[in-house]
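Note: the block below is final-v1.pdb and it holds PDB, C-alpha atoms.
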MODEL        1
ATOM      1  CA  MET V 557       0.000   0.000   0.000
ATOM      2  CA  ASN V 558       1.552   3.334  -1.044
ATOM      3  CA  LYS V 559       1.738   6.568   0.898
ATOM      4  CA  LYS V 560      -1.093   8.231  -1.041
ATOM      5  CA  GLY V 561      -3.517   5.448  -0.134
ATOM      6  CA  ILE V 562      -2.729   5.732   3.558
ATOM      7  CA  THR V 563      -3.240   9.504   3.389
ATOM      8  CA  ILE V 564      -6.641   9.036   1.750
ATOM      9  CA  ILE V 565      -7.671   6.600   4.499
ATOM     10  CA  TYR V 566      -6.590   9.027   7.233
ATOM     11  CA  ASP V 567      -8.462  11.831   5.438
ATOM     12  CA  LEU V 568     -11.574   9.691   5.293
ATOM     13  CA  VAL V 569     -11.395   8.822   8.988
ATOM     14  CA  PHE V 570     -10.807  12.448   9.921
ATOM     15  CA  ALA V 571     -13.633  13.703   7.703
ATOM     16  CA  PHE V 572     -16.161  11.262   9.157
ATOM     17  CA  LEU V 573     -15.011  12.008  12.671
ATOM     18  CA  ILE V 574     -15.777  15.679  12.055
ATOM     19  CA  LEU V 575     -19.106  14.671  10.482
ATOM     20  CA  ILE V 576     -20.120  12.568  13.517
ATOM     21  CA  ILE V 577     -19.159  15.284  15.980
ATOM     22  CA  GLY V 578     -20.956  17.934  13.901
ATOM     23  CA  ILE V 579     -24.203  15.974  13.584
ATOM     24  CA  SER V 580     -24.128  15.024  17.259
ATOM     25  CA  ILE V 581     -23.735  18.642  18.317
ATOM     26  CA  ILE V 582     -26.389  19.976  15.937
ATOM     27  CA  VAL V 583     -29.030  17.347  16.697
ATOM     28  CA  THR V 584     -28.385  17.448  20.430
ATOM     29  CA  PHE V 585     -28.557  21.185  20.831
ATOM     30  CA  ILE V 586     -31.602  21.977  18.682
ATOM     31  CA  PRO V 587     -34.309  20.064  20.594
ATOM     32  CA  TYR V 588     -33.393  20.920  24.143
ATOM     33  CA  SER V 589     -33.939  24.636  23.756
ATOM     34  CA  SER V 590     -37.607  23.888  23.147
ATOM     35  CA  ILE V 591     -38.315  21.297  25.808
ATOM     36  CA  THR V 592     -36.641  22.356  29.016
ATOM     37  CA  LEU V 593     -39.219  24.949  29.810
ATOM     38  CA  ASP V 594     -40.828  25.494  33.179
ATOM     39  CA  ARG V 595     -44.009  23.927  31.905
ATOM     40  CA  ASP V 596     -44.993  20.971  34.039
ATOM     41  CA  TYR V 597     -44.778  22.462  37.459
ATOM     42  CA  GLN V 598     -46.282  25.905  37.187
ATOM     43  CA  SER V 599     -47.513  27.453  40.422
ATOM     44  CA  LEU V 600     -45.499  25.082  42.582
ATOM     45  CA  ASP V 601     -43.888  28.155  44.103
ATOM     46  CA  ASN V 602     -47.236  28.356  45.895
ATOM     47  CA  ILE V 603     -46.040  25.392  47.971
ATOM     48  CA  LEU V 604     -43.365  27.544  49.596
ATOM     49  CA  ILE V 605     -45.804  30.431  50.040
ATOM     50  CA  TRP V 606     -48.391  28.129  51.599
ATOM     51  CA  LEU V 607     -45.901  26.459  53.935
ATOM     52  CA  ASP V 608     -44.620  29.871  54.993
ATOM     53  CA  SER V 609     -48.127  31.244  55.572
ATOM     54  CA  ASN V 610     -48.745  28.282  57.893
ATOM     55  CA  ARG V 611     -45.488  29.008  59.772
ATOM     56  CA  VAL V 612     -43.956  25.717  58.744
ATOM     57  CA  LEU V 613     -41.299  26.789  56.264
ATOM     58  CA  ALA V 614     -39.342  29.191  58.470
ATOM     59  CA  SER V 615     -39.257  26.781  61.430
ATOM     60  CA  CYS V 616     -38.004  23.959  59.184
ATOM     61  CA  ILE V 617     -35.422  26.087  57.403
ATOM     62  CA  TYR V 618     -33.947  27.924  60.390
ATOM     63  CA  THR V 619     -33.829  24.850  62.623
ATOM     64  CA  LYS V 620     -32.631  22.721  59.683
ATOM     65  CA  ASP V 621     -35.422  20.243  60.385
ATOM     66  CA  ILE V 622     -34.905  18.068  57.313
ATOM     67  CA  ASN V 623     -37.293  15.328  58.479
ATOM     68  CA  ARG V 624     -40.149  17.777  58.812
ATOM     69  CA  ILE V 625     -39.618  19.629  55.520
ATOM     70  CA  SER V 626     -39.195  16.323  53.667
ATOM     71  CA  TYR V 627     -42.400  15.029  55.298
ATOM     72  CA  PHE V 628     -44.336  17.982  53.877
ATOM     73  CA  LEU V 629     -42.707  17.932  50.463
ATOM     74  CA  ASP V 630     -42.991  14.145  50.113
ATOM     75  CA  ASN V 631     -46.741  14.475  50.633
ATOM     76  CA  LEU V 632     -47.205  17.569  48.494
ATOM     77  CA  LEU V 633     -44.928  16.335  45.684
ATOM     78  CA  PRO V 634     -45.428  12.564  45.593
ATOM     79  CA  ASN V 635     -43.229  10.595  43.189
ATOM     80  CA  THR V 636     -41.268  13.726  42.385
ATOM     81  CA  GLY V 637     -37.613  14.390  42.943
ATOM     82  CA  TYR V 638     -36.964  17.660  44.725
ATOM     83  CA  CYS V 639     -34.116  19.533  46.322
ATOM     84  CA  ILE V 640     -34.165  22.335  48.884
ATOM     85  CA  LYS V 641     -31.241  24.739  48.912
ATOM     86  CA  VAL V 642     -30.817  27.493  51.476
ATOM     87  CA  TYR V 643     -28.563  30.420  50.616
ATOM     88  CA  SER V 644     -27.431  33.471  52.523
ATOM     89  CA  LEU V 645     -28.026  36.862  50.894
ATOM     90  CA  ASP V 646     -24.512  36.810  49.422
ATOM     91  CA  TRP V 647     -25.346  33.474  47.798
ATOM     92  CA  ASN V 648     -23.310  31.224  50.049
ATOM     93  CA  LEU V 649     -24.928  27.824  50.394
ATOM     94  CA  ILE V 650     -25.981  27.312  54.019
ATOM     95  CA  TRP V 651     -27.402  23.833  53.612
ATOM     96  CA  SER V 652     -29.253  21.710  51.104
ATOM     97  CA  TYR V 653     -31.315  18.547  51.040
ATOM     98  CA  SER V 654     -32.139  16.321  48.077
ATOM     99  CA  SER V 655     -34.832  13.650  48.016
ATOM    100  CA  LEU V 656     -33.954  10.161  46.837
ATOM    101  CA  LEU V 657     -35.733  10.709  43.520
ATOM    102  CA  PHE V 658     -33.948  13.973  42.785
ATOM    103  CA  ASN V 659     -31.826  13.936  39.653
ATOM    104  CA  GLU V 660     -29.691  17.023  39.278
ATOM    105  CA  LYS V 661     -29.125  16.427  35.571
ATOM    106  CA  ASN V 662     -32.854  16.395  34.876
ATOM    107  CA  THR V 663     -34.166  19.424  36.729
ATOM    108  CA  ILE V 664     -37.233  21.042  35.224
ATOM    109  CA  SER V 665     -38.234  23.780  37.567
ATOM    110  CA  SER V 666     -36.928  25.892  40.423
ATOM    111  CA  HIS V 667     -38.614  28.413  42.667
ATOM    112  CA  PRO V 668     -36.804  30.921  44.889
ATOM    113  CA  TYR V 669     -38.397  32.195  48.088
ATOM    114  CA  PHE V 670     -37.196  34.865  50.465
ATOM    115  CA  LEU V 671     -37.335  34.343  54.233
ATOM    116  CA  SER V 672     -36.680  37.346  56.445
ATOM    117  CA  GLY V 673     -36.112  35.636  59.787
ATOM    118  CA  PHE V 674     -37.539  33.425  62.494
ATOM    119  CA  GLN V 675     -39.217  34.144  65.827
ATOM    120  CA  GLY V 676     -38.689  37.874  65.498
ATOM    121  CA  ILE V 677     -34.957  37.599  64.830
ATOM    122  CA  PRO V 678     -33.941  39.035  61.447
ATOM    123  CA  ASN V 679     -31.897  36.459  59.564
ATOM    124  CA  PRO V 680     -32.683  36.755  55.862
ATOM    125  CA  CYS V 681     -32.038  33.828  53.573
ATOM    126  CA  ILE V 682     -33.128  32.559  50.186
ATOM    127  CA  VAL V 683     -34.784  29.156  49.850
ATOM    128  CA  ILE V 684     -34.811  27.482  46.462
ATOM    129  CA  LEU V 685     -37.052  24.530  45.678
ATOM    130  CA  ILE V 686     -35.782  22.562  42.680
ATOM    131  CA  ILE V 687     -37.808  19.824  41.040
ATOM    132  CA  SER V 688     -36.524  17.125  38.734
ATOM    133  CA  ARG V 689     -38.313  14.901  36.270
TER     134      ARG V 689
ATOM    135  CA  MET Q  64      -3.232  -5.134  -6.135
ATOM    136  CA  ASP Q  65      -2.222  -2.293  -3.834
ATOM    137  CA  GLN Q  66      -4.925  -0.065  -5.254
ATOM    138  CA  ALA Q  67      -7.529  -2.780  -4.837
ATOM    139  CA  LEU Q  68      -6.506  -3.240  -1.191
ATOM    140  CA  GLU Q  69      -6.630   0.501  -0.568
ATOM    141  CA  ALA Q  70     -10.064   0.730  -2.165
ATOM    142  CA  ALA Q  71     -11.331  -2.186  -0.068
ATOM    143  CA  ILE Q  72      -9.994  -0.670   3.161
ATOM    144  CA  ALA Q  73     -11.350   2.768   2.275
ATOM    145  CA  MET Q  74     -14.740   1.296   1.410
ATOM    146  CA  SER Q  75     -14.948  -0.720   4.624
ATOM    147  CA  ILE Q  76     -13.980   2.329   6.671
ATOM    148  CA  PHE Q  77     -16.577   4.331   4.790
ATOM    149  CA  ILE Q  78     -19.271   1.727   5.493
ATOM    150  CA  ILE Q  79     -18.376   1.462   9.188
ATOM    151  CA  VAL Q  80     -18.262   5.214   9.750
ATOM    152  CA  PHE Q  81     -21.374   5.826   7.673
ATOM    153  CA  SER Q  82     -23.227   3.211   9.743
ATOM    154  CA  LEU Q  83     -22.028   4.918  12.895
ATOM    155  CA  VAL Q  84     -23.254   8.277  11.610
ATOM    156  CA  ILE Q  85     -26.668   6.851  10.711
ATOM    157  CA  PHE Q  86     -26.894   5.020  14.035
ATOM    158  CA  THR Q  87     -25.977   8.117  16.050
ATOM    159  CA  THR Q  88     -28.339  10.302  14.047
ATOM    160  CA  SER Q  89     -31.233   7.867  14.404
ATOM    161  CA  ILE Q  90     -30.769   7.692  18.180
ATOM    162  CA  LEU Q  91     -30.581  11.464  18.489
ATOM    163  CA  CYS Q  92     -33.557  11.975  16.184
ATOM    164  CA  SER Q  93     -35.695   9.446  18.038
ATOM    165  CA  SER Q  94     -34.750  11.156  21.288
ATOM    166  CA  TYR Q  95     -35.742  14.483  19.736
ATOM    167  CA  ILE Q  96     -39.092  13.122  18.533
ATOM    168  CA  ASN Q  97     -39.786  11.570  21.942
ATOM    169  CA  ASN Q  98     -38.999  14.856  23.624
ATOM    170  CA  GLN Q  99     -41.296  16.707  21.255
ATOM    171  CA  LEU Q 100     -44.052  14.177  21.954
ATOM    172  CA  TYR Q 101     -43.546  14.677  25.689
ATOM    173  CA  SER Q 102     -43.644  18.391  25.100
ATOM    174  CA  ILE Q 103     -46.945  18.197  23.198
ATOM    175  CA  LYS Q 104     -48.523  15.908  25.802
ATOM    176  CA  ASN Q 105     -47.230  18.098  28.603
ATOM    177  CA  SER Q 106     -48.869  21.069  26.911
ATOM    178  CA  LEU Q 107     -52.122  19.133  26.624
ATOM    179  CA  ALA Q 108     -51.974  18.214  30.319
ATOM    180  CA  SER Q 109     -51.220  21.843  31.078
ATOM    181  CA  ILE Q 110     -54.274  22.987  29.083
ATOM    182  CA  ILE Q 111     -56.541  20.546  30.964
ATOM    183  CA  ALA Q 112     -55.116  21.705  34.295
ATOM    184  CA  SER Q 113     -55.595  25.342  33.304
ATOM    185  CA  ILE Q 114     -59.221  24.721  32.262
ATOM    186  CA  ILE Q 115     -59.983  23.101  35.633
ATOM    187  CA  LEU Q 116     -58.171  25.921  37.400
ATOM    188  CA  ILE Q 117     -60.139  28.590  35.520
ATOM    189  CA  GLN Q 118     -63.416  26.788  36.261
ATOM    190  CA  ASN Q 119     -62.790  26.697  40.011
ATOM    191  CA  GLY Q 120     -60.479  29.584  40.809
ATOM    192  CA  VAL Q 121     -59.563  29.798  44.492
ATOM    193  CA  SER Q 122     -63.029  29.110  45.853
ATOM    194  CA  SER Q 123     -62.970  26.207  48.317
ATOM    195  CA  ASN Q 124     -66.693  25.554  47.789
ATOM    196  CA  SER Q 125     -66.207  25.361  44.044
ATOM    197  CA  TRP Q 126     -63.378  22.826  44.344
ATOM    198  CA  GLU Q 127     -65.303  20.711  46.852
ATOM    199  CA  SER Q 128     -68.393  20.506  44.671
ATOM    200  CA  TYR Q 129     -66.465  20.143  41.414
ATOM    201  CA  SER Q 130     -67.243  16.995  39.451
ATOM    202  CA  LEU Q 131     -64.483  15.788  37.197
ATOM    203  CA  LEU Q 132     -66.445  15.688  33.980
ATOM    204  CA  ILE Q 133     -64.520  17.253  31.182
ATOM    205  CA  ASP Q 134     -65.971  16.840  27.751
ATOM    206  CA  TYR Q 135     -64.151  18.737  25.048
ATOM    207  CA  ASP Q 136     -63.724  17.849  21.418
ATOM    208  CA  PHE Q 137     -59.948  18.109  21.549
ATOM    209  CA  LEU Q 138     -59.823  15.401  24.214
ATOM    210  CA  ASP Q 139     -61.316  12.739  21.929
ATOM    211  CA  ASN Q 140     -59.057   9.672  21.712
ATOM    212  CA  ILE Q 141     -56.881  10.955  24.557
ATOM    213  CA  SER Q 142     -56.655   9.146  27.879
ATOM    214  CA  TYR Q 143     -56.229  11.487  30.776
ATOM    215  CA  TYR Q 144     -56.208  11.210  34.531
ATOM    216  CA  VAL Q 145     -57.114  14.043  36.852
ATOM    217  CA  ASN Q 146     -56.517  13.919  40.576
ATOM    218  CA  ILE Q 147     -57.396  16.728  42.965
ATOM    219  CA  THR Q 148     -56.237  16.607  46.582
ATOM    220  CA  CYS Q 149     -57.064  19.154  49.230
ATOM    221  CA  PHE Q 150     -54.560  19.765  52.035
ATOM    222  CA  SER Q 151     -54.665  21.689  55.249
ATOM    223  CA  ILE Q 152     -52.127  22.379  57.987
ATOM    224  CA  LYS Q 153     -53.393  22.199  61.570
ATOM    225  CA  ASN Q 154     -51.025  22.521  64.536
ATOM    226  CA  GLY Q 155     -48.051  22.012  62.264
ATOM    227  CA  GLU Q 156     -49.420  18.735  60.862
ATOM    228  CA  LEU Q 157     -50.314  18.192  57.238
ATOM    229  CA  LEU Q 158     -53.865  16.908  56.793
ATOM    230  CA  LYS Q 159     -55.315  15.450  53.628
ATOM    231  CA  LEU Q 160     -58.917  16.656  53.730
ATOM    232  CA  TRP Q 161     -60.278  15.038  50.602
ATOM    233  CA  SER Q 162     -59.206  13.673  47.265
ATOM    234  CA  LYS Q 163     -61.074  13.051  44.046
ATOM    235  CA  SER Q 164     -60.115  11.704  40.649
ATOM    236  CA  ASN Q 165     -61.773  10.806  37.390
ATOM    237  CA  GLY Q 166     -60.975   7.145  37.996
ATOM    238  CA  PHE Q 167     -58.775   6.410  35.013
ATOM    239  CA  ILE Q 168     -55.392   5.761  36.592
ATOM    240  CA  ILE Q 169     -52.584   6.124  34.052
ATOM    241  CA  ASN Q 170     -49.268   4.684  35.149
ATOM    242  CA  ASP Q 171     -47.417   5.086  31.861
ATOM    243  CA  SER Q 172     -48.278   8.715  31.233
ATOM    244  CA  VAL Q 173     -46.536  10.669  28.500
ATOM    245  CA  GLY Q 174     -47.472  14.162  29.618
ATOM    246  CA  GLU Q 175     -48.021  15.537  33.102
ATOM    247  CA  ALA Q 176     -48.990  18.845  34.640
ATOM    248  CA  TYR Q 177     -49.249  19.904  38.244
ATOM    249  CA  ARG Q 178     -50.786  22.920  39.891
ATOM    250  CA  PHE Q 179     -50.739  23.939  43.498
ATOM    251  CA  ILE Q 180     -53.416  26.434  44.466
ATOM    252  CA  ILE Q 181     -53.935  28.244  47.749
ATOM    253  CA  LEU Q 182     -57.660  28.502  48.433
ATOM    254  CA  ASP Q 183     -59.648  31.353  49.956
ATOM    255  CA  ASN Q 184     -60.037  29.474  53.272
ATOM    256  CA  GLY Q 185     -56.284  28.893  53.676
ATOM    257  CA  ASN Q 186     -56.322  25.283  52.507
ATOM    258  CA  ALA Q 187     -54.440  24.193  49.408
ATOM    259  CA  ILE Q 188     -55.222  22.117  46.356
ATOM    260  CA  ARG Q 189     -52.837  19.904  44.439
ATOM    261  CA  LEU Q 190     -54.088  19.341  40.919
ATOM    262  CA  GLU Q 191     -52.433  16.552  38.987
ATOM    263  CA  VAL Q 192     -53.144  15.820  35.327
ATOM    264  CA  LYS Q 193     -51.643  12.917  33.404
ATOM    265  CA  VAL Q 194     -52.114  12.366  29.702
ATOM    266  CA  ARG Q 195     -51.306   9.383  27.511
TER     267      ARG Q 195
ENDMDL
END
Any chance you could put this one into structure tokens?
Amino acid sequence: MNKKGITIIYDLVFAFLILIIGISIIVTFIPYSSITLDRDYQSLDNILIWLDSNRVLASCIYTKDINRISYFLDNLLPNTGYCIKVYSLDWNLIWSYSSLLFNEKNTISSHPYFLSGFQGIPNPCIVILIISR
Amino acid sequence: MDQALEAAIAMSIFIIVFSLVIFTTSILCSSYINNQLYSIKNSLASIIASIILIQNGVSSNSWESYSLLIDYDFLDNISYYVNITCFSIKNGELLKLWSKSNGFIINDSVGEAYRFIILDNGNAIRLEVKVR
């Protein structure tokens, strides 16, 4: 086999490699822009509002009562993966909890909620409820 | 002989790589179509949930007396499951006050929509719609 033949084979391999990568990128990127919308779980931010209006959310968040918050969310979001993240105002993560069904690579919705403090003591933080498919 | 060997190798490489390209493309395309189908069904579930939400608003009486009879032309040939659950919190405990569904349980749903509504009496409603 002469040198020209080997060059042609390498060219072919290289060309198809570029083709595979190109098609993979194009086909992968086009659909996802249209499907990862916050569509399925509209108005779930009401969960945080409702829990807060019943004085449950602040007590769970500030005392880091994971059992209690997971009890409420397991009942309100059955068969759904969720994650609670609590941030300080300068966006430092204070703590977080993920349910067993939560899949970080497949999140579909997130809802931030602002808490000002607990039992009259100002201690603002941001609670984010993230839901996965 | 050399040229024949080169042609054979080039052709076999071409066939292998072409098959790989077709295989990859078909997987990605089927994934795309599935996602679009999910998207359409999710939208349908969302429309059903929105219709029920518009019909009842935040009135607790309306939700309690609501009968799950939806009869629209666009829902012909579509299986859907609607479940409404009313929750309350008393003394820090979550209470399930009542639950109603249209009876057609769908385990292998394609589209889903959820709504969580705070009612005028302080209770909350979880509305779940599944479409196949």
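Across Q:Gln118, Q:Ser123, Q:Asn165, Q:Ser151, the tightest approach to chain V is made by Q:Ser151 when counting all atoms listed in the file.
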Compute the set of chain Q residues within 9 Å of chain V, using all atoms listed in the file, and express it as an NGL selection string.
-> :Q and (64-66 or 68-70 or 72-73 or 76-77 or 80-81 or 83-84 or 87-88 or 91-92 or 94-96 or 98-99 or 101-102 or 105-106 or 108-109 or 150 or 152-153 or 155-157 or 174-181 or 185-187 or 189)
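Here CA of Asn662 (chain V) is placed at a distance of 16.1 Å from CA of Val173 (chain Q).
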Asn648 (chain V) surroundings by all atoms listed in the file, 10 Å radius, close-in-sequence under 4 positions cut, as a PyMOL selection string = chain V and resi 642-644+681-682
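Atom to atom, CA of Leu160 (chain Q) and CA of Tyr129 (chain Q) stand 14.9 Å apart.
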Contacts of Val683 (chain V) at 6 Å or less, counting all atoms listed in the file, minus same-chain residues fewer than 3 places along, as a VMD selection string?
-> chain V and resid 641 to 642 668 to 669
To test your reading of the syntax: which residues would the PyMOL selection byres ((chain Q and resi 115) around 12) return for the file shown? Reply as an mmCIF file with C-alpha atoms, keeping the file's coordinate frame.
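This went into selection.cif:
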data_model
loop_
_atom_site.group_PDB
_atom_site.id
_atom_site.type_symbol
_atom_site.label_atom_id
_atom_site.label_comp_id
_atom_site.auth_asym_id
_atom_site.auth_seq_id
_atom_site.Cartn_x
_atom_site.Cartn_y
_atom_site.Cartn_z
ATOM 1 C CA ALA Q 108 -51.974 18.214 30.319
ATOM 2 C CA SER Q 109 -51.220 21.843 31.078
ATOM 3 C CA ILE Q 110 -54.274 22.987 29.083
ATOM 4 C CA ILE Q 111 -56.541 20.546 30.964
ATOM 5 C CA ALA Q 112 -55.116 21.705 34.295
ATOM 6 C CA SER Q 113 -55.595 25.342 33.304
ATOM 7 C CA ILE Q 114 -59.221 24.721 32.262
ATOM 8 C CA LEU Q 116 -58.171 25.921 37.400
ATOM 9 C CA ILE Q 117 -60.139 28.590 35.520
ATOM 10 C CA GLN Q 118 -63.416 26.788 36.261
ATOM 11 C CA ASN Q 119 -62.790 26.697 40.011
ATOM 12 C CA GLY Q 120 -60.479 29.584 40.809
ATOM 13 C CA VAL Q 121 -59.563 29.798 44.492
ATOM 14 C CA SER Q 125 -66.207 25.361 44.044
ATOM 15 C CA TRP Q 126 -63.378 22.826 44.344
ATOM 16 C CA TYR Q 129 -66.465 20.143 41.414
ATOM 17 C CA SER Q 130 -67.243 16.995 39.451
ATOM 18 C CA LEU Q 131 -64.483 15.788 37.197
ATOM 19 C CA LEU Q 132 -66.445 15.688 33.980
ATOM 20 C CA ILE Q 133 -64.520 17.253 31.182
ATOM 21 C CA ASP Q 134 -65.971 16.840 27.751
ATOM 22 C CA VAL Q 145 -57.114 14.043 36.852
ATOM 23 C CA ASN Q 146 -56.517 13.919 40.576
ATOM 24 C CA ILE Q 147 -57.396 16.728 42.965
ATOM 25 C CA ALA Q 176 -48.990 18.845 34.640
ATOM 26 C CA TYR Q 177 -49.249 19.904 38.244
ATOM 27 C CA ARG Q 178 -50.786 22.920 39.891
ATOM 28 C CA ILE Q 180 -53.416 26.434 44.466
ATOM 29 C CA ILE Q 188 -55.222 22.117 46.356
ATOM 30 C CA ARG Q 189 -52.837 19.904 44.439
ATOM 31 C CA LEU Q 190 -54.088 19.341 40.919
ATOM 32 C CA GLU Q 191 -52.433 16.552 38.987
ATOM 33 C CA VAL Q 192 -53.144 15.820 35.327
#
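Across V:Leu656, V:Ile664, V:Leu671, V:Ile687, the tightest approach to Ala614 (chain V) is made by V:Leu671 when counting only C-alpha atoms.
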If you apply the PyMOL selection byres ((chain V and resi 661) around 12) to this file, what residues do you get, as a PyMOL selection string?
-> chain V and resi 592+637+657-660+662-665+686-689
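Closest approach to Ser652 (chain V) from the set V:Ser672, V:Pro678, V:Thr636, V:Ile622 is made by V:Ile622, with distances taken over only C-alpha atoms.
Comparing V:Ile617, V:Asp567, V:Ile684, V:Asp608 by their smallest distance to Ile640 (chain V), the closest is V:Ile684 (using all atoms listed in the file).
Between CA of Lys193 (chain Q) and CA of Phe167 (chain Q) lies a distance of 9.8 Å.
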Skipping near chain neighbours, those fewer than 2 positions away, what residues fall within 8 Å of Ile141 (chain Q) using only C-alpha atoms, listed as a PyMOL selection string?
-> chain Q and resi 138-139+143+194-195
Take the structure in the block and write a file for region 621-658 of chain V, C-alpha atoms, as a tab-separated table (two decimals), in the first residue's frame.
chain	number	residue	atom	x	y	z
V	621	ASP	CA	-35.42	20.24	60.38
V	622	ILE	CA	-34.91	18.07	57.31
V	623	ASN	CA	-37.29	15.33	58.48
V	624	ARG	CA	-40.15	17.78	58.81
V	625	ILE	CA	-39.62	19.63	55.52
V	626	SER	CA	-39.19	16.32	53.67
V	627	TYR	CA	-42.40	15.03	55.30
V	628	PHE	CA	-44.34	17.98	53.88
V	629	LEU	CA	-42.71	17.93	50.46
V	630	ASP	CA	-42.99	14.15	50.11
V	631	ASN	CA	-46.74	14.47	50.63
V	632	LEU	CA	-47.21	17.57	48.49
V	633	LEU	CA	-44.93	16.34	45.68
V	634	PRO	CA	-45.43	12.56	45.59
V	635	ASN	CA	-43.23	10.60	43.19
V	636	THR	CA	-41.27	13.73	42.38
V	637	GLY	CA	-37.61	14.39	42.94
V	638	TYR	CA	-36.96	17.66	44.72
V	639	CYS	CA	-34.12	19.53	46.32
V	640	ILE	CA	-34.16	22.33	48.88
V	641	LYS	CA	-31.24	24.74	48.91
V	642	VAL	CA	-30.82	27.49	51.48
V	643	TYR	CA	-28.56	30.42	50.62
V	644	SER	CA	-27.43	33.47	52.52
V	645	LEU	CA	-28.03	36.86	50.89
V	646	ASP	CA	-24.51	36.81	49.42
V	647	TRP	CA	-25.35	33.47	47.80
V	648	ASN	CA	-23.31	31.22	50.05
V	649	LEU	CA	-24.93	27.82	50.39
V	650	ILE	CA	-25.98	27.31	54.02
V	651	TRP	CA	-27.40	23.83	53.61
V	652	SER	CA	-29.25	21.71	51.10
V	653	TYR	CA	-31.31	18.55	51.04
V	654	SER	CA	-32.14	16.32	48.08
V	655	SER	CA	-34.83	13.65	48.02
V	656	LEU	CA	-33.95	10.16	46.84
V	657	LEU	CA	-35.73	10.71	43.52
V	658	PHE	CA	-33.95	13.97	42.79
